[in-house]
$ cat data26.cif   # mmCIF, C-alpha atoms
data_work
loop_
_atom_site.group_PDB
_atom_site.id
_atom_site.type_symbol
_atom_site.label_atom_id
_atom_site.label_comp_id
_atom_site.auth_asym_id
_atom_site.auth_seq_id
_atom_site.Cartn_x
_atom_site.Cartn_y
_atom_site.Cartn_z
ATOM 1 C CA MET A 1 28.231 0.747 -0.747
ATOM 2 C CA ARG A 2 24.950 2.588 -0.347
ATOM 3 C CA VAL A 3 22.616 2.680 2.654
ATOM 4 C CA THR A 4 19.243 4.418 2.872
ATOM 5 C CA VAL A 5 18.613 5.841 6.340
ATOM 6 C CA TYR A 6 15.054 6.572 7.454
ATOM 7 C CA ASN A 7 13.959 8.466 10.586
ATOM 8 C CA CYS A 8 17.197 10.482 10.471
ATOM 9 C CA ARG A 9 16.852 13.190 13.104
ATOM 10 C CA GLU A 10 18.308 16.548 12.041
ATOM 11 C CA PHE A 11 19.133 17.767 15.539
ATOM 12 C CA ASP A 12 21.189 14.853 16.867
ATOM 13 C CA GLU A 13 21.769 12.064 14.340
ATOM 14 C CA LYS A 14 22.475 13.780 11.028
ATOM 15 C CA ALA A 15 25.946 15.069 11.894
ATOM 16 C CA LEU A 16 26.916 11.627 13.192
ATOM 17 C CA PHE A 17 25.676 9.923 10.043
ATOM 18 C CA LEU A 18 27.656 12.327 7.880
ATOM 19 C CA ARG A 19 30.759 11.740 9.978
ATOM 20 C CA TYR A 20 30.537 7.960 9.807
ATOM 21 C CA GLU A 21 29.657 8.113 6.100
ATOM 22 C CA LYS A 22 33.151 9.497 5.526
ATOM 23 C CA GLU A 23 34.907 7.290 8.072
ATOM 24 C CA LEU A 24 33.357 4.053 6.805
ATOM 25 C CA GLY A 25 33.290 4.908 3.113
ATOM 26 C CA ILE A 26 29.539 4.361 2.739
ATOM 27 C CA GLU A 27 27.233 6.456 0.571
ATOM 28 C CA LEU A 28 24.133 7.451 2.547
ATOM 29 C CA VAL A 29 20.672 8.536 1.476
ATOM 30 C CA LEU A 30 19.171 10.380 4.456
ATOM 31 C CA CYS A 31 15.420 10.721 5.002
ATOM 32 C CA ALA A 32 13.885 12.434 8.022
ATOM 33 C CA ASP A 33 10.608 10.538 7.728
ATOM 34 C CA ALA A 34 9.688 6.988 8.615
ATOM 35 C CA PRO A 35 9.642 4.479 5.772
ATOM 36 C CA MET A 36 6.308 4.443 3.958
ATOM 37 C CA LEU A 37 5.118 3.544 0.495
ATOM 38 C CA GLU A 38 5.346 7.207 -0.514
ATOM 39 C CA ASN A 39 9.113 7.365 0.122
ATOM 40 C CA ILE A 40 10.078 3.737 -0.423
ATOM 41 C CA HIS A 41 11.671 4.748 -3.746
ATOM 42 C CA LEU A 42 14.565 6.198 -1.744
ATOM 43 C CA SER A 43 15.736 2.657 -1.010
ATOM 44 C CA LYS A 44 16.299 1.856 -4.693
ATOM 45 C CA GLY A 45 19.975 1.207 -5.293
ATOM 46 C CA SER A 46 20.610 0.445 -1.620
ATOM 47 C CA GLU A 47 21.111 -3.117 -0.456
ATOM 48 C CA CYS A 48 20.820 -1.910 3.158
ATOM 49 C CA VAL A 49 18.172 0.148 4.944
ATOM 50 C CA ASP A 50 18.648 1.735 8.383
ATOM 51 C CA ILE A 51 15.522 2.474 10.475
ATOM 52 C CA ILE A 52 14.550 3.109 14.086
ATOM 53 C CA THR A 53 11.213 2.167 15.766
ATOM 54 C CA SER A 54 8.892 2.525 12.783
ATOM 55 C CA LYS A 55 6.511 -0.351 12.150
ATOM 56 C CA ILE A 56 7.816 -2.431 9.251
ATOM 57 C CA THR A 57 4.866 -4.341 7.849
ATOM 58 C CA ARG A 58 4.791 -7.120 5.283
ATOM 59 C CA GLU A 59 3.718 -4.556 2.686
ATOM 60 C CA LEU A 60 6.791 -2.411 3.364
ATOM 61 C CA MET A 61 9.053 -5.459 3.453
ATOM 62 C CA GLU A 62 7.795 -6.555 0.039
ATOM 63 C CA ALA A 63 8.408 -3.055 -1.317
ATOM 64 C CA PHE A 64 11.970 -3.086 0.047
ATOM 65 C CA HIS A 65 12.511 -6.481 -1.560
ATOM 66 C CA LYS A 66 11.327 -5.185 -4.940
ATOM 67 C CA ASN A 67 13.817 -2.326 -4.613
ATOM 68 C CA GLY A 68 16.684 -4.752 -4.072
ATOM 69 C CA VAL A 69 17.084 -4.334 -0.303
ATOM 70 C CA LYS A 70 18.797 -7.324 1.296
ATOM 71 C CA TYR A 71 19.529 -6.088 4.833
ATOM 72 C CA LEU A 72 17.440 -4.084 7.306
ATOM 73 C CA THR A 73 19.026 -2.727 10.474
ATOM 74 C CA THR A 74 17.218 -0.989 13.328
ATOM 75 C CA ARG A 75 18.913 1.527 15.597
ATOM 76 C CA THR A 76 17.359 -0.142 18.634
ATOM 77 C CA ILE A 77 17.852 -3.183 20.837
ATOM 78 C CA GLY A 78 14.361 -4.533 20.265
ATOM 79 C CA TYR A 79 13.098 -5.512 16.822
ATOM 80 C CA ASP A 80 9.492 -6.463 17.549
ATOM 81 C CA HIS A 81 8.409 -3.579 15.279
ATOM 82 C CA ILE A 82 9.685 -5.565 12.278
ATOM 83 C CA ASP A 83 7.664 -8.315 10.611
ATOM 84 C CA LEU A 84 10.319 -11.015 10.853
ATOM 85 C CA GLU A 85 8.257 -13.619 9.024
ATOM 86 C CA ALA A 86 7.951 -11.259 6.068
ATOM 87 C CA ALA A 87 11.696 -10.593 6.217
ATOM 88 C CA LYS A 88 12.351 -14.333 5.955
ATOM 89 C CA GLU A 89 9.814 -14.693 3.168
ATOM 90 C CA PHE A 90 11.507 -12.019 1.072
ATOM 91 C CA GLY A 91 15.048 -13.025 1.966
ATOM 92 C CA ILE A 92 15.906 -9.854 3.864
ATOM 93 C CA LYS A 93 18.320 -10.198 6.773
ATOM 94 C CA VAL A 94 17.624 -8.154 9.919
ATOM 95 C CA GLY A 95 20.045 -6.635 12.416
ATOM 96 C CA ASN A 96 19.784 -4.527 15.557
ATOM 97 C CA ALA A 97 22.102 -2.079 17.293
ATOM 98 C CA PRO A 98 22.227 -2.677 21.053
ATOM 99 C CA TYR A 99 23.407 0.266 23.117
ATOM 100 C CA GLY A 100 24.914 0.203 26.585
ATOM 101 C CA PRO A 101 22.546 -0.674 29.448
ATOM 102 C CA ASN A 102 23.361 2.255 31.717
ATOM 103 C CA GLY A 103 21.028 4.870 30.236
ATOM 104 C CA VAL A 104 17.878 2.755 30.580
ATOM 105 C CA ALA A 105 19.012 1.385 33.942
ATOM 106 C CA ASP A 106 19.595 4.908 35.300
ATOM 107 C CA TYR A 107 16.219 6.017 33.991
ATOM 108 C CA THR A 108 14.514 3.017 35.593
ATOM 109 C CA VAL A 109 15.891 3.860 39.024
ATOM 110 C CA MET A 110 14.835 7.480 38.491
ATOM 111 C CA LEU A 111 11.247 6.379 37.736
ATOM 112 C CA ILE A 112 11.233 4.143 40.802
ATOM 113 C CA LEU A 113 12.344 7.022 43.019
ATOM 114 C CA MET A 114 9.918 9.461 41.399
ATOM 115 C CA SER A 115 7.059 7.013 41.930
ATOM 116 C CA ILE A 116 7.708 6.184 45.573
ATOM 117 C CA ARG A 117 8.383 9.865 46.420
ATOM 118 C CA LYS A 118 5.284 11.107 44.506
ATOM 119 C CA MET A 119 7.411 13.466 42.464
ATOM 120 C CA LYS A 120 4.785 14.162 39.808
ATOM 121 C CA ARG A 121 2.451 15.610 42.415
ATOM 122 C CA ILE A 122 5.275 17.536 44.086
ATOM 123 C CA MET A 123 6.342 19.155 40.800
ATOM 124 C CA GLU A 124 2.778 20.001 39.795
ATOM 125 C CA ARG A 125 2.189 21.702 43.160
ATOM 126 C CA THR A 126 5.465 23.595 43.001
ATOM 127 C CA ASN A 127 4.584 24.902 39.524
ATOM 128 C CA ILE A 128 1.468 26.614 40.943
ATOM 129 C CA GLN A 129 3.168 27.644 44.206
ATOM 130 C CA ASP A 130 1.245 25.156 46.303
ATOM 131 C CA TYR A 131 3.734 24.226 49.024
ATOM 132 C CA THR A 132 1.475 22.073 51.180
ATOM 133 C CA LEU A 133 2.470 18.607 52.403
ATOM 134 C CA ALA A 134 -0.793 16.648 52.577
ATOM 135 C CA GLY A 135 -0.832 13.723 50.168
ATOM 136 C CA ILE A 136 2.837 13.764 49.153
ATOM 137 C CA GLN A 137 4.429 11.740 51.936
ATOM 138 C CA GLY A 138 6.766 9.251 50.298
ATOM 139 C CA ARG A 139 8.479 5.968 51.108
ATOM 140 C CA GLU A 140 12.165 5.077 51.383
ATOM 141 C CA LEU A 141 13.650 2.523 49.010
ATOM 142 C CA LYS A 142 15.519 0.744 51.817
ATOM 143 C CA ASP A 143 12.166 -0.320 53.295
ATOM 144 C CA LEU A 144 10.877 -1.877 50.081
ATOM 145 C CA THR A 145 11.229 -5.086 48.078
ATOM 146 C CA VAL A 146 11.933 -4.522 44.393
ATOM 147 C CA GLY A 147 11.166 -7.272 41.883
ATOM 148 C CA VAL A 148 13.111 -7.209 38.613
ATOM 149 C CA ILE A 149 11.597 -9.227 35.765
ATOM 150 C CA GLY A 150 14.279 -9.971 33.207
ATOM 151 C CA THR A 151 17.983 -10.091 34.049
ATOM 152 C CA GLY A 152 19.575 -9.374 30.702
ATOM 153 C CA ARG A 153 22.095 -6.541 30.382
ATOM 154 C CA ILE A 154 19.668 -3.818 31.455
ATOM 155 C CA GLY A 155 18.002 -5.828 34.214
ATOM 156 C CA ARG A 156 21.385 -6.791 35.670
ATOM 157 C CA THR A 157 22.509 -3.157 35.635
ATOM 158 C CA VAL A 158 19.290 -2.062 37.374
ATOM 159 C CA ILE A 159 19.897 -4.678 40.059
ATOM 160 C CA ARG A 160 23.472 -3.549 40.574
ATOM 161 C CA ASN A 161 22.336 0.093 40.812
ATOM 162 C CA LEU A 162 19.577 -0.757 43.281
ATOM 163 C CA SER A 163 21.962 -2.685 45.510
ATOM 164 C CA GLY A 164 23.358 0.585 46.810
ATOM 165 C CA PHE A 165 19.966 1.642 48.209
ATOM 166 C CA GLY A 166 19.715 -1.195 50.711
ATOM 167 C CA CYS A 167 16.417 -2.565 49.432
ATOM 168 C CA LYS A 168 15.593 -6.246 49.134
ATOM 169 C CA ILE A 169 15.865 -7.313 45.494
ATOM 170 C CA LEU A 170 14.082 -10.255 43.861
ATOM 171 C CA ALA A 171 14.724 -11.405 40.312
ATOM 172 C CA TYR A 172 13.008 -13.587 37.755
ATOM 173 C CA ASP A 173 14.335 -14.838 34.436
ATOM 174 C CA LEU A 174 14.158 -18.059 32.473
ATOM 175 C CA TYR A 175 17.950 -18.039 32.446
ATOM 176 C CA GLU A 176 19.616 -17.195 35.755
ATOM 177 C CA GLN A 177 22.840 -15.176 35.797
ATOM 178 C CA GLU A 178 25.472 -15.891 38.444
ATOM 179 C CA GLU A 179 26.496 -12.242 38.806
ATOM 180 C CA VAL A 180 22.932 -11.340 39.794
ATOM 181 C CA LYS A 181 22.982 -13.669 42.789
ATOM 182 C CA GLN A 182 25.373 -11.475 44.760
ATOM 183 C CA TYR A 183 22.724 -8.733 44.843
ATOM 184 C CA ALA A 184 19.350 -10.443 44.368
ATOM 185 C CA ALA A 185 17.489 -13.679 45.024
ATOM 186 C CA TYR A 186 15.987 -15.505 42.063
ATOM 187 C CA VAL A 187 12.408 -16.566 42.763
ATOM 188 C CA SER A 188 9.458 -17.794 40.742
ATOM 189 C CA LEU A 189 7.458 -15.223 38.813
ATOM 190 C CA GLU A 190 4.476 -15.911 41.070
ATOM 191 C CA GLU A 191 6.493 -15.207 44.239
ATOM 192 C CA LEU A 192 7.983 -12.035 42.754
ATOM 193 C CA LEU A 193 4.558 -10.689 41.814
ATOM 194 C CA GLN A 194 3.092 -11.550 45.221
ATOM 195 C CA THR A 195 5.852 -10.117 47.435
ATOM 196 C CA SER A 196 7.305 -7.094 45.627
ATOM 197 C CA ASP A 197 6.480 -3.509 46.551
ATOM 198 C CA VAL A 198 7.949 -2.322 43.251
ATOM 199 C CA ILE A 199 7.978 -4.354 40.015
ATOM 200 C CA THR A 200 10.140 -3.291 37.082
ATOM 201 C CA LEU A 201 10.063 -4.898 33.638
ATOM 202 C CA HIS A 202 13.161 -5.634 31.555
ATOM 203 C CA THR A 203 12.192 -8.361 29.121
ATOM 204 C CA PRO A 204 11.851 -8.330 25.336
ATOM 205 C CA LEU A 205 8.313 -8.532 23.970
ATOM 206 C CA THR A 206 7.413 -12.029 22.796
ATOM 207 C CA ASP A 207 4.188 -13.897 22.124
ATOM 208 C CA GLU A 208 4.693 -15.668 25.457
ATOM 209 C CA ASN A 209 4.933 -12.527 27.605
ATOM 210 C CA PHE A 210 2.453 -10.313 25.753
ATOM 211 C CA HIS A 211 0.356 -8.685 28.510
ATOM 212 C CA LEU A 212 2.534 -10.251 31.190
ATOM 213 C CA ILE A 213 1.002 -7.690 33.532
ATOM 214 C CA ASN A 214 -2.712 -8.334 33.224
ATOM 215 C CA GLU A 215 -5.846 -8.466 35.345
ATOM 216 C CA LYS A 216 -4.980 -11.896 36.757
ATOM 217 C CA SER A 217 -1.334 -11.147 37.578
ATOM 218 C CA ILE A 218 -2.253 -7.788 39.106
ATOM 219 C CA ALA A 219 -4.814 -9.470 41.371
ATOM 220 C CA GLY A 220 -1.999 -11.482 42.970
ATOM 221 C CA MET A 221 0.163 -8.437 43.696
ATOM 222 C CA LYS A 222 0.465 -6.444 46.921
ATOM 223 C CA ASP A 223 -1.990 -3.617 47.434
ATOM 224 C CA GLY A 224 -0.343 -0.326 46.467
ATOM 225 C CA VAL A 225 2.329 -1.967 44.283
ATOM 226 C CA VAL A 226 4.394 0.283 42.015
ATOM 227 C CA ILE A 227 4.822 -0.776 38.363
ATOM 228 C CA ILE A 228 7.737 0.458 36.241
ATOM 229 C CA ASN A 229 8.096 -0.212 32.515
ATOM 230 C CA THR A 230 11.065 0.912 30.435
ATOM 231 C CA ALA A 231 10.970 -2.137 28.155
ATOM 232 C CA ARG A 232 7.983 -2.575 25.806
ATOM 233 C CA GLY A 233 4.472 -1.195 26.195
ATOM 234 C CA ALA A 234 2.617 -4.382 25.327
ATOM 235 C CA LEU A 235 4.098 -6.180 28.326
ATOM 236 C CA ILE A 236 1.266 -4.453 30.216
ATOM 237 C CA ASP A 237 -2.452 -4.696 29.472
ATOM 238 C CA SER A 238 -3.330 -0.993 29.548
ATOM 239 C CA GLU A 239 -6.988 -1.532 30.424
ATOM 240 C CA ALA A 240 -6.059 -3.785 33.338
ATOM 241 C CA LEU A 241 -3.492 -1.243 34.507
ATOM 242 C CA ILE A 242 -6.016 1.604 34.379
ATOM 243 C CA GLY A 243 -8.577 -0.389 36.311
ATOM 244 C CA ALA A 244 -6.052 -1.304 38.999
ATOM 245 C CA ILE A 245 -4.916 2.313 39.389
ATOM 246 C CA GLU A 246 -8.524 3.471 39.698
ATOM 247 C CA SER A 247 -9.228 0.836 42.352
ATOM 248 C CA GLY A 248 -6.050 1.653 44.273
ATOM 249 C CA LYS A 249 -4.591 -1.824 43.772
ATOM 250 C CA ILE A 250 -1.672 -0.225 41.949
ATOM 251 C CA GLY A 251 -0.326 2.682 43.951
ATOM 252 C CA ALA A 252 1.803 4.288 41.252
ATOM 253 C CA ALA A 253 3.346 3.644 37.851
ATOM 254 C CA GLY A 254 6.329 4.934 35.899
ATOM 255 C CA LEU A 255 5.903 4.277 32.183
ATOM 256 C CA ASP A 256 8.414 5.123 29.496
ATOM 257 C CA VAL A 257 6.543 2.903 27.038
ATOM 258 C CA VAL A 258 2.860 2.259 26.360
ATOM 259 C CA GLU A 259 0.813 0.063 24.074
ATOM 260 C CA ASN A 260 0.132 1.308 20.538
ATOM 261 C CA GLU A 261 2.824 3.974 20.586
ATOM 262 C CA PHE A 262 4.105 3.356 17.042
ATOM 263 C CA GLY A 263 3.559 6.412 14.854
ATOM 264 C CA LEU A 264 2.880 8.521 17.937
ATOM 265 C CA TYR A 265 6.119 9.065 19.801
ATOM 266 C CA TYR A 266 8.877 11.320 18.460
ATOM 267 C CA TYR A 267 6.381 13.519 16.582
ATOM 268 C CA ASP A 268 4.771 16.840 17.526
ATOM 269 C CA HIS A 269 1.089 16.157 18.175
ATOM 270 C CA LYS A 270 0.211 19.289 20.165
ATOM 271 C CA SER A 271 -2.801 20.077 17.989
ATOM 272 C CA ASP A 272 -3.877 16.523 17.264
ATOM 273 C CA ILE A 273 -6.585 14.299 18.688
ATOM 274 C CA LEU A 274 -4.580 11.214 19.627
ATOM 275 C CA ASP A 275 -5.804 7.766 18.725
ATOM 276 C CA ASN A 276 -4.708 6.308 22.056
ATOM 277 C CA ARG A 277 -7.387 6.655 24.714
ATOM 278 C CA GLU A 278 -5.399 4.584 27.245
ATOM 279 C CA LEU A 279 -2.417 6.953 27.039
ATOM 280 C CA ALA A 280 -4.656 9.966 27.630
ATOM 281 C CA ILE A 281 -6.167 8.329 30.713
ATOM 282 C CA LEU A 282 -2.802 7.216 32.117
ATOM 283 C CA ARG A 283 -1.287 10.680 31.653
ATOM 284 C CA GLY A 284 -4.126 12.181 33.671
ATOM 285 C CA PHE A 285 -3.519 10.176 36.847
ATOM 286 C CA PRO A 286 -1.583 12.093 39.531
ATOM 287 C CA ASN A 287 0.340 8.945 40.511
ATOM 288 C CA VAL A 288 1.434 7.924 37.008
ATOM 289 C CA THR A 289 4.558 9.320 35.363
ATOM 290 C CA VAL A 290 4.600 8.911 31.581
ATOM 291 C CA SER A 291 7.512 9.728 29.282
ATOM 292 C CA HIS A 292 7.782 9.145 25.555
ATOM 293 C CA HIS A 293 10.030 6.097 25.097
ATOM 294 C CA MET A 294 13.214 7.965 25.845
ATOM 295 C CA ALA A 295 14.925 6.044 28.645
ATOM 296 C CA PHE A 296 17.585 5.059 26.106
ATOM 297 C CA TYR A 297 18.199 8.649 24.989
ATOM 298 C CA THR A 298 21.715 9.672 25.999
ATOM 299 C CA ASP A 299 24.661 11.037 24.036
ATOM 300 C CA ASN A 300 26.443 7.691 24.363
ATOM 301 C CA CYS A 301 23.427 5.784 23.049
ATOM 302 C CA VAL A 302 22.825 7.980 20.004
ATOM 303 C CA GLU A 303 26.411 7.723 18.826
ATOM 304 C CA THR A 304 26.518 3.975 19.505
ATOM 305 C CA VAL A 305 23.410 3.117 17.470
ATOM 306 C CA VAL A 306 24.350 5.328 14.532
ATOM 307 C CA ARG A 307 27.900 3.947 14.378
ATOM 308 C CA ASP A 308 27.031 0.296 14.966
ATOM 309 C CA SER A 309 24.080 0.229 12.573
ATOM 310 C CA LEU A 310 26.350 1.480 9.783
ATOM 311 C CA ILE A 311 29.194 -0.874 10.681
ATOM 312 C CA SER A 312 26.620 -3.667 10.605
ATOM 313 C CA CYS A 313 25.612 -2.658 7.078
ATOM 314 C CA LYS A 314 29.254 -2.462 5.982
ATOM 315 C CA LEU A 315 29.975 -5.957 7.328
ATOM 316 C CA PHE A 316 26.909 -7.324 5.543
ATOM 317 C CA LEU A 317 27.898 -5.716 2.248
ATOM 318 C CA GLU A 318 31.417 -7.089 2.566
ATOM 319 C CA GLY A 319 30.122 -10.573 3.353
ATOM 320 C CA LYS A 320 31.884 -10.640 6.729
ATOM 321 C CA GLU A 321 30.742 -12.018 10.075
ATOM 322 C CA ASN A 322 28.166 -9.635 11.529
ATOM 323 C CA PRO A 323 27.589 -9.705 15.304
ATOM 324 C CA TRP A 324 24.507 -7.483 14.967
ATOM 325 C CA GLU A 325 22.574 -9.751 12.613
ATOM 326 C CA VAL A 326 19.579 -11.313 14.390
ATOM 327 C CA ILE A 327 17.941 -13.299 11.542
#

$ encode --input "data26.cif" --output "C-alpha cells"
Amino acid sequence: MRVTVYNCREFDEKALFLRYEKELGIELVLCADAPMLENIHLSKGSECVDIITSKITRELMEAFHKNGVKYLTTRTIGYDHIDLEAAKEFGIKVGNAPYGPNGVADYTVMLILMSIRKMKRIMERTNIQDYTLAGIQGRELKDLTVGVIGTGRIGRTVIRNLSGFGCKILAYDLYEQEEVKQYAAYVSLEELLQTSDVITLHTPLTDENFHLINEKSIAGMKDGVVIINTARGALIDSEALIGAIESGKIGAAGLDVVENEFGLYYYDHKSDILDNRELAILRGFPNVTVSHHMAFYTDNCVETVVRDSLISCKLFLEGKENPWEVI
C-alpha cells in the first residue's frame, strides 16, 4: 500500500504522517509542495494521493490517471477545489476528511466579537500607544440579532455557542435540524438577510450559492450589518462587499476566506506583488478583519485530517466500505 502525500507541512503534519505510516502499515511518499505537473511523477506507483486545498484541474487529474492513481483524498471538509467531473471522467474516486466543528465554530464567534467590538482598530491603536476612545465604541452581542446561513455541523455548533450570549438567533437552511430549534428560529433567507445585525456563513460552495452575498442581497440588509465568512470565499462577491463597506452599508466584516485564494494562502509572499486586488483592498479597511483560511487550524483538526485521510486510503485499497468517499 503506497500513498503519495502532497502539501505535507514539515512543522506540524510530517511527524503525524510518519507515525500513522507505521501504525497503518502504509508506505508514504511525502512532498512539501502542491501537486503540479513538475512533481506529478511522485504519484507513480501510488493508487492513492493525499492533498489539501490545492486546485486540482482536469490537466492534473489526467496526469494522475496516467500514473495509475485511483483515489484522491483531501485533508479538508470541502472539495470544491477538485474538478469532480474530471475525476469521474478518469475513474478516480474522491474522498474528504471532515474534522470536528468546534475549531471553526469557536473562530466564528471570535470574529463576530472582534467585529462588533472594533478589535482591529483597538489593537492597531494599542500597538502605537494611542489610548484614545473616539471611534472604538462597540456593541454588545445580547442586543443583536445574528443570522446563521447553513445549519450543518459547524453552523449548529455556532448556534449553540451563541446561545450563551443572549442574542436573538435566526437560521436558514434548505434542510431544517430539530436540535437547532431550541436555540434559533428558522426563517426564509430573505427575512434573515433583512433583519439580522450579524450574518455568518456556513454553507458549502455550490453553483447555486456562488456569490450568495452580492449587490442585490446586500441592498436588502440592515444598514451597518456585520458579515462573517469562515466557509468559502466565493460565497461573497468581493467587489460588492468592497462597495458596501465603502458606502457604510456594511459596518464590519470578519473574513477567514476570500475569493481567488488558491495558490496564495499558506505561502510566504512578503516580497511578492499579489495577484488579488480585492484582498489588498479588504485588508486595508479598519473595520475588516482578514485571516488566511485558518479557522480550522487546531491541534485536534490537524491530527484528525492526517489520520482520517490515510485510513480512507487504506479502506479504499482494501476494497472496504469507506465513509469518507464522496464520489

$ resolve_selection --input "data26.cif" --expression "the PyMOL selection byres ((chain A and resi 118) around 10)" --output "list of chain:residue names"
A:Ile112, A:Leu113, A:Met114, A:Ser115, A:Ile116, A:Arg117, A:Met119, A:Lys120, A:Arg121, A:Ile122, A:Met123, A:Gly135, A:Ile136, A:Gln137, A:Gly138, A:Arg139, A:Ala252, A:Pro286, A:Asn287, A:Val288, A:Thr289

$ closest_residue --input "data26.cif" --among "A:Thr108, A:Ser43, A:Thr76, A:Thr298" --to "Val94 of chain A" --atoms "all atoms listed in the file"
A:Thr76

$ closest_residue --input "data26.cif" --among "A:Tyr71, A:Tyr186, A:Tyr79, A:Phe210" --to "Leu174 of chain A" --atoms "only C-alpha atoms"
A:Tyr186

$ axis_aligned_box --input "data26.cif" --around "segment 151-157 of chain A" --padding-each-side "5 Å" --output "JSON"
{"center_x": 20.2, "center_y": -6.6, "center_z": 33.0, "size_x": 14.5, "size_y": 16.9, "size_z": 15.3}

$ resolve_selection --input "data26.cif" --expression "the PyMOL selection byres ((chain A and resi 22-27) around 7)" --output "MDAnalysis selection string"
chainID A and resid 1:3 18:21 28:29

$ resolve_selection --input "data26.cif" --expression "the PyMOL selection byres ((chain A and resi 224) around 9)" --output "compact mmCIF listing (two decimals) with C-alpha atoms, keeping the file's coordinate frame"
# COMPACT_ATOMS: atom_id res chain seq x y z
CA ASP A 197 6.48 -3.51 46.55
CA MET A 221 0.16 -8.44 43.70
CA LYS A 222 0.46 -6.44 46.92
CA ASP A 223 -1.99 -3.62 47.43
CA VAL A 225 2.33 -1.97 44.28
CA VAL A 226 4.39 0.28 42.02
CA ILE A 245 -4.92 2.31 39.39
CA GLY A 248 -6.05 1.65 44.27
CA LYS A 249 -4.59 -1.82 43.77
CA ILE A 250 -1.67 -0.22 41.95
CA GLY A 251 -0.33 2.68 43.95
CA ALA A 252 1.80 4.29 41.25

$ closest_atom_pairs --input "data26.cif" --of "segment 21-98 of chain A" --to "segment 303-320 of chain A" --cutoff "8 Å" --atoms "only C-alpha atoms" --output "tab-separated table"
residue	atom	partner	partner_atom	distance
A:Leu24	CA	A:Ile311	CA	7.5
A:Ile26	CA	A:Lys314	CA	7.6
A:Glu47	CA	A:Leu317	CA	7.8
A:Cys48	CA	A:Cys313	CA	6.2
A:Asp50	CA	A:Ser309	CA	7.0
A:Tyr71	CA	A:Cys313	CA	7.3
A:Thr73	CA	A:Ser309	CA	6.2
A:Thr74	CA	A:Ser309	CA	7.0
A:Arg75	CA	A:Val305	CA	5.1
A:Thr76	CA	A:Val305	CA	7.0
A:Gly95	CA	A:Ser312	CA	7.4
A:Asn96	CA	A:Ser309	CA	7.1
A:Ala97	CA	A:Val305	CA	5.4
A:Pro98	CA	A:Val305	CA	6.9

$ atom_distance --input "data26.cif" --atom1 "atom CA of Leu282 of chain A" --atom2 "atom CA of Gly243 of chain A"
10.4 Å

$ atom_distance --input "data26.cif" --atom1 "atom CA of Thr203 of chain A" --atom2 "atom CA of Ala184 of chain A"
17.0 Å

$ residues_around --input "data26.cif" --residues "segment 153-163 of chain A" --least-positions-apart "3" --cutoff "12 Å" --atoms "all atoms listed in the file" --output "PyMOL selection string"
chain A and resi 77+98-113+141-142+144-150+166-173+176-186+198-204+228-231+295-296

$ write_last_selection --input "data26.cif" --atoms "C-alpha atoms" --output "tab-separated table (two decimals), in the frame of the given file"
chain	number	residue	atom	x	y	z
A	77	ILE	CA	17.85	-3.18	20.84
A	98	PRO	CA	22.23	-2.68	21.05
A	99	TYR	CA	23.41	0.27	23.12
A	100	GLY	CA	24.91	0.20	26.58
A	101	PRO	CA	22.55	-0.67	29.45
A	102	ASN	CA	23.36	2.26	31.72
A	103	GLY	CA	21.03	4.87	30.24
A	104	VAL	CA	17.88	2.76	30.58
A	105	ALA	CA	19.01	1.38	33.94
A	106	ASP	CA	19.60	4.91	35.30
A	107	TYR	CA	16.22	6.02	33.99
A	108	THR	CA	14.51	3.02	35.59
A	109	VAL	CA	15.89	3.86	39.02
A	110	MET	CA	14.84	7.48	38.49
A	111	LEU	CA	11.25	6.38	37.74
A	112	ILE	CA	11.23	4.14	40.80
A	113	LEU	CA	12.34	7.02	43.02
A	141	LEU	CA	13.65	2.52	49.01
A	142	LYS	CA	15.52	0.74	51.82
A	144	LEU	CA	10.88	-1.88	50.08
A	145	THR	CA	11.23	-5.09	48.08
A	146	VAL	CA	11.93	-4.52	44.39
A	147	GLY	CA	11.17	-7.27	41.88
A	148	VAL	CA	13.11	-7.21	38.61
A	149	ILE	CA	11.60	-9.23	35.76
A	150	GLY	CA	14.28	-9.97	33.21
A	166	GLY	CA	19.72	-1.20	50.71
A	167	CYS	CA	16.42	-2.56	49.43
A	168	LYS	CA	15.59	-6.25	49.13
A	169	ILE	CA	15.86	-7.31	45.49
A	170	LEU	CA	14.08	-10.26	43.86
A	171	ALA	CA	14.72	-11.40	40.31
A	172	TYR	CA	13.01	-13.59	37.76
A	173	ASP	CA	14.34	-14.84	34.44
A	176	GLU	CA	19.62	-17.20	35.76
A	177	GLN	CA	22.84	-15.18	35.80
A	178	GLU	CA	25.47	-15.89	38.44
A	179	GLU	CA	26.50	-12.24	38.81
A	180	VAL	CA	22.93	-11.34	39.79
A	181	LYS	CA	22.98	-13.67	42.79
A	182	GLN	CA	25.37	-11.48	44.76
A	183	TYR	CA	22.72	-8.73	44.84
A	184	ALA	CA	19.35	-10.44	44.37
A	185	ALA	CA	17.49	-13.68	45.02
A	186	TYR	CA	15.99	-15.50	42.06
A	198	VAL	CA	7.95	-2.32	43.25
A	199	ILE	CA	7.98	-4.35	40.02
A	200	THR	CA	10.14	-3.29	37.08
A	201	LEU	CA	10.06	-4.90	33.64
A	202	HIS	CA	13.16	-5.63	31.56
A	203	THR	CA	12.19	-8.36	29.12
A	204	PRO	CA	11.85	-8.33	25.34
A	228	ILE	CA	7.74	0.46	36.24
A	229	ASN	CA	8.10	-0.21	32.52
A	230	THR	CA	11.06	0.91	30.44
A	231	ALA	CA	10.97	-2.14	28.16
A	295	ALA	CA	14.92	6.04	28.64
A	296	PHE	CA	17.58	5.06	26.11

$ residues_near_point --input "data26.cif" --point "(13.1, 1.4, 7.5)" --cutoff "8 Å" --atoms "all atoms listed in the file" --output "number ranges by chain"
A: 5-7, 34-35, 49-52, 54, 56, 72-74
